[in-house]
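Asker: Got upload-v2.pdb for you, PDB, C-alpha atoms:
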ATOM      1  CA  MET A   1      25.263  36.963   5.671  1.00  0.00           C
ATOM      2  CA  ASN A   2      22.894  36.787   2.709  1.00  0.00           C
ATOM      3  CA  ARG A   3      24.076  33.480   1.280  1.00  0.00           C
ATOM      4  CA  VAL A   4      23.397  29.785   1.633  1.00  0.00           C
ATOM      5  CA  ILE A   5      26.433  28.049   3.132  1.00  0.00           C
ATOM      6  CA  THR A   6      27.021  24.365   2.414  1.00  0.00           C
ATOM      7  CA  ILE A   7      29.453  22.312   4.474  1.00  0.00           C
ATOM      8  CA  THR A   8      31.043  19.160   3.053  1.00  0.00           C
ATOM      9  CA  ARG A   9      33.371  17.479   5.525  1.00  0.00           C
ATOM     10  CA  GLN A  10      35.596  14.537   6.252  1.00  0.00           C
ATOM     11  CA  TYR A  11      34.344  12.412   9.108  1.00  0.00           C
ATOM     12  CA  GLY A  12      35.771  13.593  12.421  1.00  0.00           C
ATOM     13  CA  SER A  13      36.934  16.946  11.049  1.00  0.00           C
ATOM     14  CA  GLY A  14      34.355  18.887  13.046  1.00  0.00           C
ATOM     15  CA  GLY A  15      32.571  20.172   9.963  1.00  0.00           C
ATOM     16  CA  ARG A  16      29.137  19.875  11.559  1.00  0.00           C
ATOM     17  CA  GLU A  17      30.257  21.820  14.631  1.00  0.00           C
ATOM     18  CA  ILE A  18      31.795  24.490  12.423  1.00  0.00           C
ATOM     19  CA  GLY A  19      28.571  24.732  10.457  1.00  0.00           C
ATOM     20  CA  LYS A  20      26.501  25.070  13.637  1.00  0.00           C
ATOM     21  CA  ARG A  21      28.791  27.752  14.988  1.00  0.00           C
ATOM     22  CA  LEU A  22      28.583  29.680  11.735  1.00  0.00           C
ATOM     23  CA  ALA A  23      24.813  29.420  11.773  1.00  0.00           C
ATOM     24  CA  ASP A  24      24.751  30.755  15.331  1.00  0.00           C
ATOM     25  CA  ALA A  25      27.186  33.557  14.502  1.00  0.00           C
ATOM     26  CA  TYR A  26      25.025  34.747  11.618  1.00  0.00           C
ATOM     27  CA  SER A  27      21.680  33.828  13.225  1.00  0.00           C
ATOM     28  CA  LEU A  28      20.879  31.517  10.319  1.00  0.00           C
ATOM     29  CA  PRO A  29      18.782  28.332  10.202  1.00  0.00           C
ATOM     30  CA  PHE A  30      20.944  25.207  10.483  1.00  0.00           C
ATOM     31  CA  TYR A  31      20.093  22.055   8.538  1.00  0.00           C
ATOM     32  CA  ASP A  32      21.637  18.640   9.023  1.00  0.00           C
ATOM     33  CA  ASN A  33      19.343  15.896  10.295  1.00  0.00           C
ATOM     34  CA  GLU A  34      16.523  18.387   9.839  1.00  0.00           C
ATOM     35  CA  ILE A  35      16.784  17.653   6.103  1.00  0.00           C
ATOM     36  CA  ILE A  36      16.043  14.000   6.821  1.00  0.00           C
ATOM     37  CA  SER A  37      13.105  14.838   9.066  1.00  0.00           C
ATOM     38  CA  ARG A  38      11.486  17.099   6.486  1.00  0.00           C
ATOM     39  CA  ALA A  39      12.105  14.680   3.615  1.00  0.00           C
ATOM     40  CA  ALA A  40      10.732  11.773   5.643  1.00  0.00           C
ATOM     41  CA  LYS A  41       7.617  13.766   6.462  1.00  0.00           C
ATOM     42  CA  ASP A  42       7.125  14.700   2.803  1.00  0.00           C
ATOM     43  CA  THR A  43       7.524  11.147   1.493  1.00  0.00           C
ATOM     44  CA  GLY A  44       6.272   8.979   4.333  1.00  0.00           C
ATOM     45  CA  PHE A  45       9.551   7.035   4.345  1.00  0.00           C
ATOM     46  CA  ALA A  46      11.077   6.198   7.712  1.00  0.00           C
ATOM     47  CA  GLU A  47      13.898   8.497   8.826  1.00  0.00           C
ATOM     48  CA  ALA A  48      16.091   5.420   9.301  1.00  0.00           C
ATOM     49  CA  ALA A  49      15.938   4.773   5.548  1.00  0.00           C
ATOM     50  CA  PHE A  50      17.502   8.176   4.890  1.00  0.00           C
ATOM     51  CA  ALA A  51      20.227   7.598   7.444  1.00  0.00           C
ATOM     52  CA  ARG A  52      21.115   4.232   5.875  1.00  0.00           C
ATOM     53  CA  ALA A  53      21.369   5.615   2.338  1.00  0.00           C
ATOM     54  CA  GLU A  54      24.746   7.265   2.890  1.00  0.00           C
ATOM     55  CA  ASP A  55      26.118   4.638   5.278  1.00  0.00           C
ATOM     56  CA  LYS A  56      25.569   1.776   2.825  1.00  0.00           C
ATOM     57  CA  ALA A  57      27.778   3.393   0.168  1.00  0.00           C
ATOM     58  CA  SER A  58      30.976   1.742   1.379  1.00  0.00           C
ATOM     59  CA  ASN A  59      31.788   0.182  -1.969  1.00  0.00           C
ATOM     60  CA  SER A  60      31.080   2.147  -5.119  1.00  0.00           C
ATOM     61  CA  LEU A  61      30.378  -0.886  -7.342  1.00  0.00           C
ATOM     62  CA  LEU A  62      28.180  -2.670  -4.817  1.00  0.00           C
ATOM     63  CA  TYR A  63      26.451   0.615  -4.014  1.00  0.00           C
ATOM     64  CA  SER A  64      25.607   1.217  -7.659  1.00  0.00           C
ATOM     65  CA  ILE A  65      24.302  -2.329  -8.017  1.00  0.00           C
ATOM     66  CA  ALA A  66      22.276  -2.092  -4.810  1.00  0.00           C
ATOM     67  CA  MET A  67      20.756   1.238  -5.790  1.00  0.00           C
ATOM     68  CA  GLY A  68      20.074   0.309  -9.366  1.00  0.00           C
ATOM     69  CA  MET A  69      20.682   2.688 -12.246  1.00  0.00           C
ATOM     70  CA  ASN A  70      21.791   6.254 -11.588  1.00  0.00           C
ATOM     71  CA  VAL A  71      18.897   8.658 -11.132  1.00  0.00           C
ATOM     72  CA  TYR A  72      20.271  11.257 -13.530  1.00  0.00           C
ATOM     73  CA  SER A  73      20.661   8.818 -16.393  1.00  0.00           C
ATOM     74  CA  ASN A  74      17.189   7.350 -15.928  1.00  0.00           C
ATOM     75  CA  GLN A  75      14.815  10.237 -15.407  1.00  0.00           C
ATOM     76  CA  ASP A  76      12.679   9.012 -18.282  1.00  0.00           C
ATOM     77  CA  ILE A  77      11.527   5.956 -16.335  1.00  0.00           C
ATOM     78  CA  GLY A  78       9.728   8.089 -13.772  1.00  0.00           C
ATOM     79  CA  PHE A  79       9.797   8.335  -9.989  1.00  0.00           C
ATOM     80  CA  SER A  80       8.073   4.990  -9.419  1.00  0.00           C
ATOM     81  CA  GLY A  81      10.767   3.171 -11.403  1.00  0.00           C
ATOM     82  CA  LEU A  82      13.600   4.456  -9.259  1.00  0.00           C
ATOM     83  CA  SER A  83      15.225   2.543  -6.444  1.00  0.00           C
ATOM     84  CA  LEU A  84      14.291   3.460  -2.884  1.00  0.00           C
ATOM     85  CA  ASP A  85      17.641   5.158  -2.378  1.00  0.00           C
ATOM     86  CA  ASP A  86      17.279   7.243  -5.524  1.00  0.00           C
ATOM     87  CA  ARG A  87      13.846   8.339  -4.377  1.00  0.00           C
ATOM     88  CA  ILE A  88      15.321   9.213  -0.999  1.00  0.00           C
ATOM     89  CA  PHE A  89      17.986  11.331  -2.696  1.00  0.00           C
ATOM     90  CA  LEU A  90      15.377  13.135  -4.786  1.00  0.00           C
ATOM     91  CA  ALA A  91      13.301  13.810  -1.672  1.00  0.00           C
ATOM     92  CA  GLN A  92      16.314  15.229   0.135  1.00  0.00           C
ATOM     93  CA  SER A  93      17.230  17.312  -2.908  1.00  0.00           C
ATOM     94  CA  LYS A  94      13.741  18.801  -2.956  1.00  0.00           C
ATOM     95  CA  VAL A  95      14.016  19.790   0.704  1.00  0.00           C
ATOM     96  CA  ILE A  96      17.491  21.258   0.205  1.00  0.00           C
ATOM     97  CA  ARG A  97      16.263  23.396  -2.692  1.00  0.00           C
ATOM     98  CA  SER A  98      13.250  24.402  -0.635  1.00  0.00           C
ATOM     99  CA  VAL A  99      15.221  25.602   2.403  1.00  0.00           C
ATOM    100  CA  ALA A 100      17.625  27.452   0.092  1.00  0.00           C
ATOM    101  CA  GLU A 101      14.621  29.222  -1.443  1.00  0.00           C
ATOM    102  CA  GLU A 102      13.437  30.200   2.017  1.00  0.00           C
ATOM    103  CA  GLY A 103      16.582  32.241   2.573  1.00  0.00           C
ATOM    104  CA  PRO A 104      20.174  32.190   3.829  1.00  0.00           C
ATOM    105  CA  CYS A 105      21.015  29.138   5.898  1.00  0.00           C
ATOM    106  CA  VAL A 106      23.729  26.571   6.647  1.00  0.00           C
ATOM    107  CA  ILE A 107      23.342  23.059   5.177  1.00  0.00           C
ATOM    108  CA  VAL A 108      25.625  20.177   6.159  1.00  0.00           C
ATOM    109  CA  GLY A 109      26.384  17.309   3.786  1.00  0.00           C
ATOM    110  CA  ARG A 110      23.999  15.406   1.501  1.00  0.00           C
ATOM    111  CA  CYS A 111      25.522  16.751  -1.730  1.00  0.00           C
ATOM    112  CA  ALA A 112      24.002  20.162  -1.003  1.00  0.00           C
ATOM    113  CA  ASP A 113      26.786  21.928  -2.893  1.00  0.00           C
ATOM    114  CA  TYR A 114      26.019  19.879  -6.008  1.00  0.00           C
ATOM    115  CA  ILE A 115      22.253  20.139  -5.654  1.00  0.00           C
ATOM    116  CA  LEU A 116      22.472  23.926  -5.387  1.00  0.00           C
ATOM    117  CA  LYS A 117      25.183  24.406  -8.006  1.00  0.00           C
ATOM    118  CA  GLU A 118      22.918  26.508 -10.242  1.00  0.00           C
ATOM    119  CA  ARG A 119      22.223  29.039  -7.492  1.00  0.00           C
ATOM    120  CA  GLU A 120      24.319  32.182  -7.365  1.00  0.00           C
ATOM    121  CA  ASN A 121      24.056  32.939  -3.650  1.00  0.00           C
ATOM    122  CA  VAL A 122      25.747  29.752  -2.414  1.00  0.00           C
ATOM    123  CA  VAL A 123      29.145  29.395  -0.736  1.00  0.00           C
ATOM    124  CA  ASN A 124      30.524  25.856  -0.644  1.00  0.00           C
ATOM    125  CA  LEU A 125      33.001  24.900   2.080  1.00  0.00           C
ATOM    126  CA  PHE A 126      35.052  21.733   2.490  1.00  0.00           C
ATOM    127  CA  VAL A 127      36.388  20.889   5.954  1.00  0.00           C
ATOM    128  CA  HIS A 128      39.204  18.390   6.290  1.00  0.00           C
ATOM    129  CA  ALA A 129      41.864  17.420   8.825  1.00  0.00           C
ATOM    130  CA  SER A 130      44.684  14.960   9.456  1.00  0.00           C
ATOM    131  CA  LEU A 131      43.743  11.341  10.033  1.00  0.00           C
ATOM    132  CA  ASP A 132      45.190  11.363  13.575  1.00  0.00           C
ATOM    133  CA  PHE A 133      43.083  14.395  14.498  1.00  0.00           C
ATOM    134  CA  ARG A 134      39.941  12.822  13.105  1.00  0.00           C
ATOM    135  CA  ILE A 135      40.533   9.515  14.868  1.00  0.00           C
ATOM    136  CA  LYS A 136      41.044  11.346  18.155  1.00  0.00           C
ATOM    137  CA  ARG A 137      37.904  13.393  17.630  1.00  0.00           C
ATOM    138  CA  ALA A 138      35.911  10.293  16.717  1.00  0.00           C
ATOM    139  CA  ILE A 139      36.878   8.827  20.076  1.00  0.00           C
ATOM    140  CA  GLU A 140      36.440  11.951  22.201  1.00  0.00           C
ATOM    141  CA  VAL A 141      33.468  13.625  20.512  1.00  0.00           C
ATOM    142  CA  GLU A 142      31.636  10.882  18.629  1.00  0.00           C
ATOM    143  CA  GLY A 143      32.142   8.254  21.321  1.00  0.00           C
ATOM    144  CA  ILE A 144      33.705   5.659  18.999  1.00  0.00           C
ATOM    145  CA  SER A 145      35.770   3.000  20.789  1.00  0.00           C
ATOM    146  CA  LYS A 146      39.531   3.300  20.393  1.00  0.00           C
ATOM    147  CA  ASN A 147      39.889  -0.059  18.657  1.00  0.00           C
ATOM    148  CA  LYS A 148      37.274   0.862  16.031  1.00  0.00           C
ATOM    149  CA  ALA A 149      37.931   4.576  15.576  1.00  0.00           C
ATOM    150  CA  ALA A 150      40.410   4.368  12.682  1.00  0.00           C
ATOM    151  CA  GLU A 151      38.250   1.863  10.801  1.00  0.00           C
ATOM    152  CA  THR A 152      35.132   3.969  11.366  1.00  0.00           C
ATOM    153  CA  VAL A 153      36.773   7.154  10.101  1.00  0.00           C
ATOM    154  CA  MET A 154      38.019   5.464   6.943  1.00  0.00           C
ATOM    155  CA  LYS A 155      34.711   3.700   6.305  1.00  0.00           C
ATOM    156  CA  LYS A 156      32.678   6.892   6.783  1.00  0.00           C
ATOM    157  CA  ASP A 157      34.917   8.817   4.404  1.00  0.00           C
ATOM    158  CA  LYS A 158      34.649   6.088   1.781  1.00  0.00           C
ATOM    159  CA  SER A 159      30.872   6.023   2.122  1.00  0.00           C
ATOM    160  CA  ARG A 160      30.610   9.774   1.709  1.00  0.00           C
ATOM    161  CA  ALA A 161      32.948   9.755  -1.261  1.00  0.00           C
ATOM    162  CA  ASN A 162      31.011   6.985  -3.027  1.00  0.00           C
ATOM    163  CA  TYR A 163      27.639   8.557  -2.225  1.00  0.00           C
ATOM    164  CA  TYR A 164      28.813  11.885  -3.654  1.00  0.00           C
ATOM    165  CA  LYS A 165      30.373  10.271  -6.720  1.00  0.00           C
ATOM    166  CA  TYR A 166      27.256   8.241  -7.470  1.00  0.00           C
ATOM    167  CA  HIS A 167      24.874  11.176  -7.306  1.00  0.00           C
ATOM    168  CA  SER A 168      27.049  13.962  -8.719  1.00  0.00           C
ATOM    169  CA  GLY A 169      29.614  12.226 -10.903  1.00  0.00           C
ATOM    170  CA  GLU A 170      32.252  14.331  -9.142  1.00  0.00           C
ATOM    171  CA  ARG A 171      35.024  13.579  -6.659  1.00  0.00           C
ATOM    172  CA  TRP A 172      33.914  14.444  -3.151  1.00  0.00           C
ATOM    173  CA  ASP A 173      37.388  15.601  -2.102  1.00  0.00           C
ATOM    174  CA  ASN A 174      38.165  17.708  -5.181  1.00  0.00           C
ATOM    175  CA  VAL A 175      38.799  21.126  -3.632  1.00  0.00           C
ATOM    176  CA  LEU A 176      38.168  22.778  -6.991  1.00  0.00           C
ATOM    177  CA  ASN A 177      34.475  22.068  -6.416  1.00  0.00           C
ATOM    178  CA  TYR A 178      34.441  24.341  -3.369  1.00  0.00           C
ATOM    179  CA  ASP A 179      34.872  28.034  -2.707  1.00  0.00           C
ATOM    180  CA  MET A 180      36.977  27.382   0.367  1.00  0.00           C
ATOM    181  CA  ALA A 181      38.743  24.329   1.789  1.00  0.00           C
ATOM    182  CA  ILE A 182      40.033  24.544   5.339  1.00  0.00           C
ATOM    183  CA  ARG A 183      41.942  22.271   7.715  1.00  0.00           C
ATOM    184  CA  SER A 184      40.273  22.209  11.091  1.00  0.00           C
ATOM    185  CA  ASP A 185      43.227  20.633  12.910  1.00  0.00           C
ATOM    186  CA  LEU A 186      45.575  23.600  12.574  1.00  0.00           C
ATOM    187  CA  GLY A 187      43.818  25.580  15.293  1.00  0.00           C
ATOM    188  CA  SER A 188      40.888  25.392  17.676  1.00  0.00           C
ATOM    189  CA  MET A 189      37.298  25.179  16.498  1.00  0.00           C
ATOM    190  CA  GLU A 190      36.947  28.822  17.474  1.00  0.00           C
ATOM    191  CA  ASP A 191      39.965  29.758  15.329  1.00  0.00           C
ATOM    192  CA  THR A 192      38.677  27.766  12.373  1.00  0.00           C
ATOM    193  CA  VAL A 193      35.229  29.355  12.576  1.00  0.00           C
ATOM    194  CA  ALA A 194      36.797  32.805  12.871  1.00  0.00           C
ATOM    195  CA  CYS A 195      38.887  32.122   9.765  1.00  0.00           C
ATOM    196  CA  VAL A 196      35.873  30.982   7.756  1.00  0.00           C
ATOM    197  CA  LYS A 197      33.801  33.897   9.015  1.00  0.00           C
ATOM    198  CA  ALA A 198      36.517  36.364   8.015  1.00  0.00           C
ATOM    199  CA  TYR A 199      36.392  34.915   4.507  1.00  0.00           C
ATOM    200  CA  LEU A 200      32.598  35.043   4.362  1.00  0.00           C
ATOM    201  CA  ASP A 201      32.534  38.609   5.658  1.00  0.00           C
ATOM    202  CA  THR A 202      34.558  39.789   2.666  1.00  0.00           C
ATOM    203  CA  MET A 203      31.749  38.773   0.309  1.00  0.00           C
ATOM    204  CA  LYS A 204      29.344  41.403  -0.935  1.00  0.00           C
TER     205      LYS A 204
END
Can the structure in the file be given as structure tokens, please?
Answerer:
Amino acid sequence: MNRVITITRQYGSGGREIGKRLADAYSLPFYDNEIISRAAKDTGFAEAAFARAEDKASNSLLYSIAMGMNVYSNQDIGFSGLSLDDRIFLAQSKVIRSVAEEGPCVIVGRCADYILKERENVVNLFVHASLDFRIKRAIEVEGISKNKAAETVMKKDKSRANYYKYHSGERWDNVLNYDMAIRSDLGSMEDTVACVKAYLDTMK
């Protein structure tokens, strides 16, 4: 595999696991929290600040107010004039572009598909699943309590959607933005990975 693979996923769909399995299958570097670690090291910001940036985006209006003006409409004011969260996004974007330059890899989340949209050697995947499947997985895999699982799944999805919308101007769940969208609840993780790999293997 000579391409960068980005994974955008609904919470609880198993997108991270699928990404890791693909990375292992192709012997590629895998980047998820590693993006945060590298960006934190580059900027001196605490890793916790990066983790909070996506989680706080539960309401699009409040998120926009909290973050200040959108980074892409205010580049003329300079890095120092940006909100902390905008600076965090720029730092993550720099790392994502850097690892993509280093060679083929798998990158999970963080608007990687949008950040790398100008690159030709990128394959963008969207992993989704039924709500019941994702709630069950949140309980069994993520360790979320049964009475909070449904709320957590919905809140995480809303946060990811608002975070993506704010930074890209696009709908997070618009499958037209991706090269492949796949439901992970219609088979096992192994079956889903095999299906994605079969698709990737057809590419020249």
Asker: Find the distance between CA of Cys111 in chain A and CA of Tyr164 in chain A and write it in Å to one decimal.
Answerer: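 Pair CA of Cys111 in chain A / CA of Tyr164 in chain A returns 6.2 Å.
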Asker: Which residues are close to Arg110 in chain A, i.e. within 10 Å by only C-alpha atoms, leaving aside same-chain residues fewer than 6 positions away? Reply as a PDB file with C-alpha atoms, in the coordinates of the input.
Answerer:
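Contents of out19.pdb, as written:
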ATOM      1  CA  THR A   6      27.021  24.365   2.414  1.00  0.00           C
ATOM      2  CA  ILE A   7      29.453  22.312   4.474  1.00  0.00           C
ATOM      3  CA  THR A   8      31.043  19.160   3.053  1.00  0.00           C
ATOM      4  CA  ASP A  32      21.637  18.640   9.023  1.00  0.00           C
ATOM      5  CA  ASN A  33      19.343  15.896  10.295  1.00  0.00           C
ATOM      6  CA  ILE A  35      16.784  17.653   6.103  1.00  0.00           C
ATOM      7  CA  ILE A  36      16.043  14.000   6.821  1.00  0.00           C
ATOM      8  CA  GLU A  54      24.746   7.265   2.890  1.00  0.00           C
ATOM      9  CA  PHE A  89      17.986  11.331  -2.696  1.00  0.00           C
ATOM     10  CA  GLN A  92      16.314  15.229   0.135  1.00  0.00           C
ATOM     11  CA  SER A  93      17.230  17.312  -2.908  1.00  0.00           C
ATOM     12  CA  ILE A  96      17.491  21.258   0.205  1.00  0.00           C
ATOM     13  CA  ARG A 160      30.610   9.774   1.709  1.00  0.00           C
ATOM     14  CA  TYR A 163      27.639   8.557  -2.225  1.00  0.00           C
ATOM     15  CA  TYR A 164      28.813  11.885  -3.654  1.00  0.00           C
ATOM     16  CA  HIS A 167      24.874  11.176  -7.306  1.00  0.00           C
TER      17      HIS A 167
END
Asker: List as a VMD selection string the protein and nucleic acid residues near range 99-101 of chain A, meaning an atom at most 12 Å away when all atoms listed in the file are counted, but skip any in the same chain fewer than 3 places from it.
Answerer: chain A and resid 2 to 6 28 to 32 34 to 35 38 to 39 92 to 96 104 to 107 112 to 113 115 to 123
Asker: Mind giving me the straight-line distance from CA of Gln10 in chain A to CA of His128 in chain A in Å, one decimal?
Answerer: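 One can read the CA of Gln10 in chain A to CA of His128 in chain A distance as 5.3 Å.
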Asker: What does the PyMOL selection byres ((chain A and resi 177) around 10) select in this file, as a ChimeraX atom specification?
Answerer: /A:113-114,117,124-126,170-176,178-181
Asker: CA of Met189 in chain A to CA of Ser13 in chain A: how many Å, to one decimal?
Answerer: 9.9 Å
Asker: With distances taken over all atoms listed in the file, which residue among A:Val108, A:Val127, A:Ala91, A:Ala25 lies nearest Gly12 in chain A?
Answerer: A:Val127
Asker: Please put the answer as AutoDock Vina command-line options: centre and edge lengths, in Å with one decimal, of a box along x, y and z that encloses all listed atoms of range 18-28 of chain A plus 3 Å on each side.
Answerer:
--center_x 26.3 --center_y 29.6 --center_z 12.8 --size_x 16.9 --size_y 16.3 --size_z 11.0
Asker: Spell out the residues picked by the PyMOL selection byres ((chain A and resi 129-142) around 6) here, as a PDB file with C-alpha atoms, keeping the file's coordinate frame.
Answerer:
ATOM      1  CA  GLY A  12      35.771  13.593  12.421  1.00  0.00           C
ATOM      2  CA  SER A  13      36.934  16.946  11.049  1.00  0.00           C
ATOM      3  CA  HIS A 128      39.204  18.390   6.290  1.00  0.00           C
ATOM      4  CA  GLY A 143      32.142   8.254  21.321  1.00  0.00           C
ATOM      5  CA  ILE A 144      33.705   5.659  18.999  1.00  0.00           C
ATOM      6  CA  SER A 145      35.770   3.000  20.789  1.00  0.00           C
ATOM      7  CA  ALA A 149      37.931   4.576  15.576  1.00  0.00           C
ATOM      8  CA  ALA A 150      40.410   4.368  12.682  1.00  0.00           C
ATOM      9  CA  ARG A 183      41.942  22.271   7.715  1.00  0.00           C
ATOM     10  CA  SER A 184      40.273  22.209  11.091  1.00  0.00           C
ATOM     11  CA  ASP A 185      43.227  20.633  12.910  1.00  0.00           C
TER      12      ASP A 185
END
Asker: Which one of A:Lys204, A:Lys41, A:Met1, A:Glu190 sits closest to Ala23 in chain A if you count only C-alpha atoms?
Answerer: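 Closest to Ala23 in chain A, using only C-alpha atoms: A:Met1.
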